[in-house]
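Below is one structure, written out as structure tokens; comments come after it.
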Amino acid sequence: MFVLSNEKYFVRLSERPGLTELRDRNGSRLAANPAGLPSIWGIYEPATGEWKEIADNDPGVQCRLEKTENAAVWRMELPVKSGWIKAALEAELCGDCLCISLKEVEETPEAHLVTVRLNGLAAAVENDPLSRLALPSHGGRLIDPAVCADGQTDHRYNWILDSFGSAAVVYTKRLTAVLRVRQMDDQLTSLVGGSQGERYAQMGALLRRRYTRLDVSYRRAKPDRDPANQEDVDVLPVETDFLLNTSPCVNIEMVSHDEVRPESGWTLGAARVRDSLPGKPSDVYRDKMVYKIFVGAPGQPTATNLEQIRKLIFQLAARTDNGGQLPYLVGFQHGGHDDNYPDVFTLNPALESMEKLAELAQDARKVNCLLSFHDNYDDAYACSPSWNGDDISRDHTGHLLRGGVWNGVQAYWNSMPYYAAHRSEERIRRTLSLYPFLRDSYHLDVLTASVFRIDFRAGEPSGKEADLQARLRIVGQFRKRGLDVSSEACGLPFVGGISYFWHMQRVPRSLYEGDRRIPMAPFLAHGKADYGGTHTDCLHNILDGLLYGGFYCNDVTAATPIKELTDAYFMLQVPLNRLRNETACEYEEKNGWKIVRYASGAEIAIQFEEEACRVTIDGKRWIENGTAMLPGADESVVFYRCQEEPYEDVRWQSSCQKGTRFEASPVGTDDPILVLTASEDGSVPVDTPLGVAYRVRRLKA
């Protein structure tokens, strides 16, 4: 076996592509590939359209390991039809990072190298009871190989389950390995298995060099195509076997550290990823509660008309003392919702007229509200006045790429590299010219959600990394015109390019049966991006939002109770706004409590079973259970109760003498003014009516 080493770390290589151990100078070690799996090389035969896989230990495969001072190269020769595929895998140790990259590939006309699967680059193993694998999948799952069920996952970008899946953390008592792929055509892989007493949870990588007709664009071509859709009848010219212009690689960063606990040691690896990310490009969302107002959808009654939008905005402004708002109108165009994209140049009749909408936007600014639009640059409809079939991605069968069916109409998916180069600049210009009140922020649905699609179009095919870069290019086109772009799903490759995400998904279900839920995603993204993803229909959801740092997100209509919005403002917006640029730095589980601590010392502690909560900021209790006690202006405090306390009212610690009286004035309602009195210990019971904020000031003697 070969060893790469420097003054801090050792990496033990196997004779064929792969690792067997990561170790530091202090003797701490992490296993690699305890499963003993070979590397797998994916081969495509263009003439037959067939796929085959060659393992590095198959008969006839030749491998030669060459070593230099800080690098090693496995030189592979794979037997294929009419010759050999030759390739080099280089492992280079630079400081604390081992980079494994695919290089120097030679193919034959009859056989093309598509992928290389590297198995077991770092692992948690049962015979090291302090080792764990932490994955950001589903918002964060902690895997103890001794108790988790067998399984295998290739972590492709998935906005609901795996939007942070390009990073993973393997750690033990004093050593952590952080695995990352940097390009979206490459993937991390995970595997849990082994016999009792020798179980493992190991990470690997799937490096990609090209795409073929055996790869799907995103969704498989539908067999029941509608002949009436003339744009979809003909088979279009495509390239079903094309090289990428990227360099496939995976990085393994090693971190030596003081002793960590198994349930929380993953925070050090998460911090390594977070600290490598750029910061938010815009702070326009500070002090603004972001939400969406659903105007309507085709064929349905209007959900929220112009006057109802006005009433909603001003009612919320009154009840929050002009707290900042940033509502996006969903369905501002044509018949509403997704109707007629990419044409957004006909106003929905529910909004009456351009002049009245502009007047509302101007009036809204007087109460600290920025009104903007929810748009979509991914979906296109054949019925749209702006339809252009050239914009649509080509799938691997030679047809236009179909997306979902929305409002009963088939959507097609734009090719983002093509759209960014040929269409988006003009669409942005025309939109801002038609709606000049649009400033500060604009929401692009789907942009960060159903993403990383392959376009097989002839002459200019593109892979997933090109798709990502095109999306960021569109964001930059808006930014040049003074608008920041928010989008749908908080995903690792977009952090630093987008400031606000509508969702930070955290589906509370296992990835591997027996794993544990951890709030890993905020340790990666909080402070680097703002994100929503929390409803306020019950206290459990509010507590989950506080733990994960997720602001409110919902489509609001005229039928939405105002309490849902005031709950969101006082229970989420105000405390999380105070912490929005801080990093989450410590996690603890204790007696059923999940506790996240921030750099300033602020602490959010949640006990889901009893729906208990403590939010402490600047040394003061801001929230306890379903009650907020928020520092206000002029030495006042704002009381807000979203739910009855199960046993006794929460008490605000006033630090005043017994008998001190306070005036509690309702914010934005005609409820009566209350007089509250401090008890023996100076505390004041918070027993104000539900859903109404009260500003509390000490009465002068």
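In the structure tokens, chains take letters A, B, ... by order of appearance, with residues numbered from 1 within each chain and ligands from 1 in the order shown.
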
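Proximity to A:Val596 at 9 Å, evaluated using only C-alpha atoms and with sequence-adjacent residues fewer than 4 positions away removed, yields Pro519, Leu547, Tyr548, Ala584, Cys585, Glu586, Tyr587, Glu588, Ala602, Glu603, Ile604, Ala605 and Ile606 of chain A.
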
Residue selection dump (N, CA and C atoms) as a short mmCIF file (atom, residue, chain, number, x, y, z; two decimals), in the first residue's frame:
```cif
data_model
loop_
_atom_site.label_atom_id
_atom_site.label_comp_id
_atom_site.auth_asym_id
_atom_site.auth_seq_id
_atom_site.Cartn_x
_atom_site.Cartn_y
_atom_site.Cartn_z
N PRO A 519 -30.48 19.13 12.92
CA PRO A 519 -30.63 20.37 12.15
C PRO A 519 -29.32 20.75 11.46
N LEU A 547 -36.07 26.18 15.32
CA LEU A 547 -34.90 25.31 15.44
C LEU A 547 -34.05 25.36 14.17
N TYR A 548 -34.69 25.38 13.01
CA TYR A 548 -33.97 25.34 11.73
C TYR A 548 -33.70 26.74 11.16
N ALA A 584 -24.75 29.52 13.16
CA ALA A 584 -25.04 28.51 14.18
C ALA A 584 -23.74 27.79 14.49
N CYS A 585 -23.36 27.72 15.75
CA CYS A 585 -22.02 27.22 16.06
C CYS A 585 -21.99 26.05 17.03
N GLU A 586 -23.11 25.74 17.72
CA GLU A 586 -23.08 24.66 18.69
C GLU A 586 -24.44 23.99 18.74
N TYR A 587 -24.42 22.66 18.86
CA TYR A 587 -25.66 21.89 18.95
C TYR A 587 -25.57 20.92 20.11
N GLU A 588 -26.68 20.79 20.83
CA GLU A 588 -26.71 19.89 21.98
C GLU A 588 -28.07 19.22 22.08
N ALA A 602 -26.75 33.61 21.59
CA ALA A 602 -28.20 33.36 21.52
C ALA A 602 -28.45 31.86 21.47
N GLU A 603 -29.58 31.45 22.04
CA GLU A 603 -29.87 30.03 22.15
C GLU A 603 -31.34 29.77 21.82
N ILE A 604 -31.56 28.77 20.99
CA ILE A 604 -32.92 28.31 20.68
C ILE A 604 -33.01 26.86 21.13
N ALA A 605 -33.91 26.60 22.07
CA ALA A 605 -34.06 25.27 22.65
C ALA A 605 -35.50 24.80 22.43
N ILE A 606 -35.65 23.60 21.87
CA ILE A 606 -36.96 23.08 21.49
C ILE A 606 -37.15 21.70 22.10
#
```

Practice prompt. Just list the residues in stretch 190-375 of chain A DSSP gives alpha helix (DSSP H) on the backbone, as a ChimeraX atom specification.
Written response: /A:266-275,306-319,354-365

Worksheet item: What's the 12 Å shell around A:Phe345, counting only C-alpha atoms, without same-chain residues fewer than 2 positions away, as a PyMOL selection string?
Response: chain A and resi 331-335+339-343+347-348+354+375+384-386+427-435

Give me the residues of stretch 270-325 of chain A that have any atom at most 12 Å from an atom of stretch 392-413 of chain A; for each, the nearest atom pair and the distance in Å, rounded to one decimal. Use only C-alpha atoms, sort by chain and number, and format it as JSON lines.
```
{"residue": "A:Gly296", "atom": "CA", "partner": "A:Asn407", "partner_atom": "CA", "distance": 10.8}
{"residue": "A:Ala297", "atom": "CA", "partner": "A:Asn407", "partner_atom": "CA", "distance": 7.2}
{"residue": "A:Pro298", "atom": "CA", "partner": "A:Asn407", "partner_atom": "CA", "distance": 6.6}
{"residue": "A:Gly299", "atom": "CA", "partner": "A:Asn407", "partner_atom": "CA", "distance": 8.2}
{"residue": "A:Gln300", "atom": "CA", "partner": "A:Asn407", "partner_atom": "CA", "distance": 9.5}
```

Worksheet item: Hey, what's within 8 Å of stretch 447-458 of chain A if we count only C-alpha atoms and toss same-chain stuff fewer than 2 positions away? As a PyMOL selection string, please?
Response: chain A and resi 157-159+184+216-218+237-240+376-378+393-396+398+415+444-445+460-465+467-468+471+487-491+494

Export, as an mmCIF file, in the first residue's frame, the selected residues with N, CA and C atoms.
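Writing the result to result.cif gives the following:
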```cif
data_model
loop_
_atom_site.group_PDB
_atom_site.id
_atom_site.type_symbol
_atom_site.label_atom_id
_atom_site.label_comp_id
_atom_site.auth_asym_id
_atom_site.auth_seq_id
_atom_site.Cartn_x
_atom_site.Cartn_y
_atom_site.Cartn_z
ATOM 1 N N TYR A 157 -28.971 16.229 -6.812
ATOM 2 C CA TYR A 157 -29.661 17.402 -6.287
ATOM 3 C C TYR A 157 -31.165 17.169 -6.343
ATOM 4 N N ASN A 158 -31.808 17.305 -5.202
ATOM 5 C CA ASN A 158 -33.249 17.146 -5.087
ATOM 6 C C ASN A 158 -33.731 18.206 -4.121
ATOM 7 N N TRP A 159 -34.570 19.117 -4.570
ATOM 8 C CA TRP A 159 -34.895 20.298 -3.763
ATOM 9 C C TRP A 159 -35.686 19.963 -2.519
ATOM 10 N N MET A 184 -21.868 19.973 -10.598
ATOM 11 C CA MET A 184 -23.153 19.321 -10.413
ATOM 12 C C MET A 184 -23.342 18.081 -11.278
ATOM 13 N N VAL A 216 -31.389 10.279 -18.620
ATOM 14 C CA VAL A 216 -32.611 11.046 -18.857
ATOM 15 C C VAL A 216 -32.340 12.515 -18.587
ATOM 16 N N SER A 217 -33.097 13.381 -19.286
ATOM 17 C CA SER A 217 -32.897 14.815 -19.144
ATOM 18 C C SER A 217 -33.232 15.277 -17.734
ATOM 19 N N TYR A 218 -34.330 14.822 -17.230
ATOM 20 C CA TYR A 218 -34.742 15.086 -15.847
ATOM 21 C C TYR A 218 -35.904 14.151 -15.548
ATOM 22 N N PRO A 237 -33.315 17.023 -33.956
ATOM 23 C CA PRO A 237 -31.912 16.573 -33.923
ATOM 24 C C PRO A 237 -31.319 16.756 -32.532
ATOM 25 N N VAL A 238 -30.687 15.707 -32.037
ATOM 26 C CA VAL A 238 -30.087 15.745 -30.705
ATOM 27 C C VAL A 238 -28.716 15.080 -30.748
ATOM 28 N N GLU A 239 -27.946 15.335 -29.693
ATOM 29 C CA GLU A 239 -26.665 14.652 -29.505
ATOM 30 C C GLU A 239 -26.807 13.749 -28.283
ATOM 31 N N THR A 240 -26.767 12.466 -28.529
ATOM 32 C CA THR A 240 -27.048 11.508 -27.456
ATOM 33 C C THR A 240 -25.782 10.877 -26.891
ATOM 34 N N ASN A 376 -41.598 32.919 -13.300
ATOM 35 C CA ASN A 376 -41.049 31.588 -13.563
ATOM 36 C C ASN A 376 -40.322 31.627 -14.897
ATOM 37 N N TYR A 377 -39.015 31.332 -14.876
ATOM 38 C CA TYR A 377 -38.227 31.328 -16.108
ATOM 39 C C TYR A 377 -37.934 29.911 -16.593
ATOM 40 N N ASP A 378 -38.442 28.903 -15.904
ATOM 41 C CA ASP A 378 -38.230 27.512 -16.307
ATOM 42 C C ASP A 378 -39.344 26.991 -17.201
ATOM 43 N N SER A 393 -35.628 22.688 -23.845
ATOM 44 C CA SER A 393 -34.615 21.625 -23.833
ATOM 45 C C SER A 393 -35.067 20.450 -24.692
ATOM 46 N N ARG A 394 -34.087 19.751 -25.249
ATOM 47 C CA ARG A 394 -34.361 18.510 -25.984
ATOM 48 C C ARG A 394 -34.059 17.339 -25.067
ATOM 49 N N ASP A 395 -35.022 16.418 -24.974
ATOM 50 C CA ASP A 395 -34.749 15.252 -24.148
ATOM 51 C C ASP A 395 -33.962 14.212 -24.942
ATOM 52 N N HIS A 396 -33.640 13.094 -24.301
ATOM 53 C CA HIS A 396 -32.766 12.086 -24.901
ATOM 54 C C HIS A 396 -33.438 11.299 -26.018
ATOM 55 N N GLY A 398 -35.186 12.978 -28.417
ATOM 56 C CA GLY A 398 -35.320 13.900 -29.534
ATOM 57 C C GLY A 398 -36.602 14.698 -29.517
ATOM 58 N N SER A 415 -34.448 25.407 -21.842
ATOM 59 C CA SER A 415 -33.030 25.117 -21.666
ATOM 60 C C SER A 415 -32.390 26.366 -21.078
ATOM 61 N N LEU A 444 -38.192 34.258 -8.668
ATOM 62 C CA LEU A 444 -38.234 33.305 -9.777
ATOM 63 C C LEU A 444 -38.500 31.914 -9.223
ATOM 64 N N ASP A 445 -39.725 31.469 -9.397
ATOM 65 C CA ASP A 445 -40.119 30.138 -8.966
ATOM 66 C C ASP A 445 -39.322 29.091 -9.745
ATOM 67 N N GLU A 460 -25.175 22.167 -29.460
ATOM 68 C CA GLU A 460 -24.849 22.813 -28.186
ATOM 69 C C GLU A 460 -25.520 22.097 -27.009
ATOM 70 N N PRO A 461 -25.217 20.816 -26.835
ATOM 71 C CA PRO A 461 -25.764 20.110 -25.669
ATOM 72 C C PRO A 461 -25.140 20.654 -24.387
ATOM 73 N N SER A 462 -25.810 20.436 -23.271
ATOM 74 C CA SER A 462 -25.285 20.953 -22.003
ATOM 75 C C SER A 462 -25.664 20.021 -20.867
ATOM 76 N N GLY A 463 -24.776 19.965 -19.877
ATOM 77 C CA GLY A 463 -24.994 19.145 -18.697
ATOM 78 C C GLY A 463 -25.477 19.971 -17.520
ATOM 79 N N LYS A 464 -25.391 19.396 -16.331
ATOM 80 C CA LYS A 464 -25.985 19.999 -15.144
ATOM 81 C C LYS A 464 -25.187 21.188 -14.627
ATOM 82 N N GLU A 465 -23.876 21.147 -14.725
ATOM 83 C CA GLU A 465 -23.086 22.295 -14.282
ATOM 84 C C GLU A 465 -23.351 23.502 -15.164
ATOM 85 N N ASP A 467 -26.131 24.068 -16.676
ATOM 86 C CA ASP A 467 -27.466 24.495 -16.283
ATOM 87 C C ASP A 467 -27.395 25.401 -15.050
ATOM 88 N N LEU A 468 -26.617 24.995 -14.057
ATOM 89 C CA LEU A 468 -26.434 25.810 -12.849
ATOM 90 C C LEU A 468 -25.874 27.180 -13.194
ATOM 91 N N ARG A 471 -28.368 29.546 -14.689
ATOM 92 C CA ARG A 471 -29.315 30.084 -13.716
ATOM 93 C C ARG A 471 -28.689 31.247 -12.946
ATOM 94 N N SER A 487 -35.573 32.846 -4.776
ATOM 95 C CA SER A 487 -36.086 31.687 -5.496
ATOM 96 C C SER A 487 -36.624 30.656 -4.529
ATOM 97 N N GLU A 488 -36.818 29.434 -5.027
ATOM 98 C CA GLU A 488 -37.677 28.486 -4.329
ATOM 99 C C GLU A 488 -36.974 27.699 -3.235
ATOM 100 N N ALA A 489 -35.899 26.992 -3.557
ATOM 101 C CA ALA A 489 -35.336 26.023 -2.618
ATOM 102 C C ALA A 489 -33.904 26.384 -2.269
ATOM 103 N N CYS A 490 -33.605 26.389 -0.963
ATOM 104 C CA CYS A 490 -32.251 26.665 -0.514
ATOM 105 C C CYS A 490 -31.374 25.458 -0.825
ATOM 106 N N GLY A 491 -30.449 25.621 -1.760
ATOM 107 C CA GLY A 491 -29.550 24.545 -2.155
ATOM 108 C C GLY A 491 -28.113 25.012 -2.118
ATOM 109 N N PHE A 494 -26.321 27.217 -4.747
ATOM 110 C CA PHE A 494 -26.826 28.572 -4.966
ATOM 111 C C PHE A 494 -26.470 29.537 -3.838
#
```

Discussion item. Using DSSP secondary structure from the backbone, list all strand (DSSP E or B) positions within stretch 188-437 of chain A, as a ChimeraX atom specification.
Written reply: /A:188-193,200-208,210-212,238,241-243,249-256,288-294,324-330,333,347,369,372-376,379-380,392,394,400,402-406,409-414

Practice prompt. Do a neighbour search on A:Pro561 at 12 Å with only C-alpha atoms, toss out local chain neighbours closer than 2 positions, and write the hits as an MDAnalysis selection string.
Written response: chainID A and resid 312 315:316 536:537 556:559 563:568 691

Output all heavy atoms for every residue in that selection, as an mmCIF file, in the first residue's frame.
```cif
data_model
loop_
_atom_site.group_PDB
_atom_site.id
_atom_site.type_symbol
_atom_site.label_atom_id
_atom_site.label_comp_id
_atom_site.auth_asym_id
_atom_site.auth_seq_id
_atom_site.Cartn_x
_atom_site.Cartn_y
_atom_site.Cartn_z
ATOM 1 N N LEU A 312 -55.210 43.381 3.046
ATOM 2 C CA LEU A 312 -54.309 42.453 3.730
ATOM 3 C C LEU A 312 -53.013 43.143 4.125
ATOM 4 O O LEU A 312 -52.550 43.034 5.266
ATOM 5 C CB LEU A 312 -54.044 41.261 2.811
ATOM 6 C CG LEU A 312 -53.337 40.032 3.357
ATOM 7 C CD1 LEU A 312 -53.679 38.819 2.498
ATOM 8 C CD2 LEU A 312 -51.827 40.207 3.367
ATOM 9 N N GLN A 315 -53.681 45.817 6.853
ATOM 10 C CA GLN A 315 -54.057 45.220 8.134
ATOM 11 C C GLN A 315 -52.839 44.627 8.831
ATOM 12 O O GLN A 315 -52.647 44.807 10.039
ATOM 13 C CB GLN A 315 -55.122 44.155 7.926
ATOM 14 C CG GLN A 315 -55.688 43.607 9.233
ATOM 15 C CD GLN A 315 -56.789 42.595 9.022
ATOM 16 O OE1 GLN A 315 -56.970 42.062 7.932
ATOM 17 N NE2 GLN A 315 -57.541 42.312 10.076
ATOM 18 N N LEU A 316 -51.993 43.936 8.074
ATOM 19 C CA LEU A 316 -50.777 43.384 8.660
ATOM 20 C C LEU A 316 -49.841 44.498 9.112
ATOM 21 O O LEU A 316 -49.214 44.406 10.175
ATOM 22 C CB LEU A 316 -50.078 42.459 7.669
ATOM 23 C CG LEU A 316 -48.816 41.758 8.186
ATOM 24 C CD1 LEU A 316 -49.123 40.912 9.414
ATOM 25 C CD2 LEU A 316 -48.181 40.902 7.089
ATOM 26 N N THR A 536 -47.392 28.347 9.908
ATOM 27 C CA THR A 536 -47.708 28.697 11.292
ATOM 28 C C THR A 536 -49.101 28.211 11.669
ATOM 29 O O THR A 536 -49.796 28.831 12.471
ATOM 30 C CB THR A 536 -47.596 30.224 11.502
ATOM 31 O OG1 THR A 536 -48.399 30.901 10.519
ATOM 32 C CG2 THR A 536 -46.170 30.683 11.378
ATOM 33 N N ASP A 537 -49.508 27.075 11.089
ATOM 34 C CA ASP A 537 -50.829 26.543 11.374
ATOM 35 C C ASP A 537 -50.891 25.806 12.705
ATOM 36 O O ASP A 537 -51.967 25.478 13.193
ATOM 37 C CB ASP A 537 -51.290 25.618 10.247
ATOM 38 C CG ASP A 537 -50.270 24.545 9.922
ATOM 39 O OD1 ASP A 537 -49.097 24.693 10.307
ATOM 40 O OD2 ASP A 537 -50.647 23.560 9.262
ATOM 41 N N VAL A 556 -50.692 33.258 0.710
ATOM 42 C CA VAL A 556 -51.756 33.898 1.473
ATOM 43 C C VAL A 556 -52.859 34.330 0.509
ATOM 44 O O VAL A 556 -52.590 34.773 -0.611
ATOM 45 C CB VAL A 556 -51.185 35.104 2.237
ATOM 46 C CG1 VAL A 556 -52.283 35.899 2.909
ATOM 47 C CG2 VAL A 556 -50.151 34.636 3.246
ATOM 48 N N THR A 557 -54.109 34.209 0.944
ATOM 49 C CA THR A 557 -55.243 34.695 0.165
ATOM 50 C C THR A 557 -56.128 35.554 1.060
ATOM 51 O O THR A 557 -55.870 35.709 2.265
ATOM 52 C CB THR A 557 -56.082 33.541 -0.407
ATOM 53 O OG1 THR A 557 -56.788 32.906 0.675
ATOM 54 C CG2 THR A 557 -55.218 32.522 -1.119
ATOM 55 N N ALA A 558 -57.222 36.059 0.477
ATOM 56 C CA ALA A 558 -58.168 36.849 1.259
ATOM 57 C C ALA A 558 -58.779 36.033 2.385
ATOM 58 O O ALA A 558 -59.248 36.591 3.383
ATOM 59 C CB ALA A 558 -59.265 37.398 0.346
ATOM 60 N N ALA A 559 -58.766 34.697 2.249
ATOM 61 C CA ALA A 559 -59.360 33.833 3.268
ATOM 62 C C ALA A 559 -58.391 33.468 4.387
ATOM 63 O O ALA A 559 -58.790 32.828 5.367
ATOM 64 C CB ALA A 559 -59.889 32.553 2.612
ATOM 65 N N LYS A 563 -54.332 36.062 11.949
ATOM 66 C CA LYS A 563 -53.505 35.500 13.015
ATOM 67 C C LYS A 563 -52.379 34.635 12.470
ATOM 68 O O LYS A 563 -51.296 34.566 13.067
ATOM 69 C CB LYS A 563 -54.355 34.689 13.992
ATOM 70 C CG LYS A 563 -53.574 34.118 15.183
ATOM 71 C CD LYS A 563 -54.473 33.356 16.143
ATOM 72 C CE LYS A 563 -53.670 32.796 17.324
ATOM 73 N NZ LYS A 563 -52.664 31.815 16.912
ATOM 74 N N GLU A 564 -52.592 33.962 11.337
ATOM 75 C CA GLU A 564 -51.515 33.179 10.748
ATOM 76 C C GLU A 564 -50.321 34.065 10.416
ATOM 77 O O GLU A 564 -49.165 33.678 10.602
ATOM 78 C CB GLU A 564 -52.004 32.468 9.479
ATOM 79 C CG GLU A 564 -50.943 31.636 8.788
ATOM 80 C CD GLU A 564 -51.459 30.914 7.566
ATOM 81 O OE1 GLU A 564 -52.588 30.382 7.628
ATOM 82 O OE2 GLU A 564 -50.735 30.885 6.547
ATOM 83 N N LEU A 565 -50.606 35.268 9.951
ATOM 84 C CA LEU A 565 -49.533 36.197 9.585
ATOM 85 C C LEU A 565 -48.908 36.855 10.815
ATOM 86 O O LEU A 565 -47.690 37.042 10.868
ATOM 87 C CB LEU A 565 -50.075 37.257 8.632
ATOM 88 C CG LEU A 565 -50.524 36.723 7.268
ATOM 89 C CD1 LEU A 565 -51.281 37.781 6.496
ATOM 90 C CD2 LEU A 565 -49.338 36.238 6.473
ATOM 91 N N THR A 566 -49.727 37.223 11.796
ATOM 92 C CA THR A 566 -49.138 37.820 12.999
ATOM 93 C C THR A 566 -48.360 36.777 13.803
ATOM 94 O O THR A 566 -47.330 37.104 14.410
ATOM 95 C CB THR A 566 -50.215 38.494 13.868
ATOM 96 O OG1 THR A 566 -51.263 37.563 14.155
ATOM 97 C CG2 THR A 566 -50.798 39.711 13.149
ATOM 98 N N ASP A 567 -48.828 35.525 13.811
ATOM 99 C CA ASP A 567 -48.019 34.458 14.413
ATOM 100 C C ASP A 567 -46.653 34.399 13.744
ATOM 101 O O ASP A 567 -45.616 34.278 14.405
ATOM 102 C CB ASP A 567 -48.716 33.100 14.256
ATOM 103 C CG ASP A 567 -49.862 32.900 15.235
ATOM 104 O OD1 ASP A 567 -50.097 33.773 16.085
ATOM 105 O OD2 ASP A 567 -50.522 31.846 15.134
ATOM 106 N N ALA A 568 -46.658 34.457 12.416
ATOM 107 C CA ALA A 568 -45.403 34.385 11.668
ATOM 108 C C ALA A 568 -44.495 35.557 12.006
ATOM 109 O O ALA A 568 -43.275 35.399 12.145
ATOM 110 C CB ALA A 568 -45.687 34.346 10.166
ATOM 111 N N GLY A 691 -53.299 36.221 19.564
ATOM 112 C CA GLY A 691 -53.267 36.767 18.217
ATOM 113 C C GLY A 691 -53.212 38.271 18.122
ATOM 114 O O GLY A 691 -53.316 38.823 17.022
#
```

Worksheet entry | Distance in Å - atom CA of A:Glu106 versus atom CA of A:Trp84 |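 Pair atom CA of A:Glu106 / atom CA of A:Trp84 returns 8.2 Å.
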
Worksheet item: In Å to one decimal, how far is atom CA of A:Ser372 from atom CA of A:Phe294?
Response: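 If I compute the distance from atom CA of A:Phe294 to atom CA of A:Ser372, I get 12.3 Å.
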
Practice prompt. Would you work out the distance separating atom CA of A:Trp41 from atom CA of A:Val114, expressed in Å to one decimal?
Written response: 7.7 Å

Practice prompt. Determine, counting only C-alpha atoms, which protein, DNA and RNA residues have an atom within 12 Å of an atom of A:Leu630; residues of the same chain fewer than 3 positions away are not included. Present the result as a VMD selection string.
Written response: chain A and resid 569 to 576 578 615 to 618 620 to 624 627 633 635 to 641 652 to 653 686 693 to 696

Please identify every residue of stretch 65-173 of chain A that has at least one atom no farther than 9 Å from an atom of stretch 247-268 of chain A, counting only C-alpha atoms, and for each give the shortest atom pair and the distance in Å to one decimal, arranged by chain then increasing number, as a tab-separated table.
```
residue	atom	partner	partner_atom	distance
A:Gly95	CA	A:Glu253	CA	9.0
A:Asp96	CA	A:Met254	CA	5.3
A:Cys97	CA	A:Glu253	CA	4.3
A:Leu98	CA	A:Ile252	CA	5.1
A:Cys99	CA	A:Asn251	CA	4.5
A:Ile100	CA	A:Val250	CA	5.4
A:Ser101	CA	A:Cys249	CA	4.1
A:Leu102	CA	A:Pro248	CA	5.7
A:Lys103	CA	A:Ser247	CA	7.6
A:Leu121	CA	A:Ile252	CA	7.9
A:Ala122	CA	A:Ile252	CA	8.3
A:Pro129	CA	A:Pro262	CA	8.6
A:Leu130	CA	A:Pro262	CA	5.6
A:Ser131	CA	A:Pro262	CA	6.7
A:Arg132	CA	A:Pro262	CA	6.7
A:Leu133	CA	A:Trp266	CA	8.1
A:Ala134	CA	A:Trp266	CA	6.2
A:Leu142	CA	A:Glu263	CA	7.8
A:Val169	CA	A:Trp266	CA	6.4
A:Val170	CA	A:Trp266	CA	7.5
A:Tyr171	CA	A:Trp266	CA	6.9
A:Thr172	CA	A:Pro262	CA	7.3
A:Lys173	CA	A:Glu259	CA	5.2
```
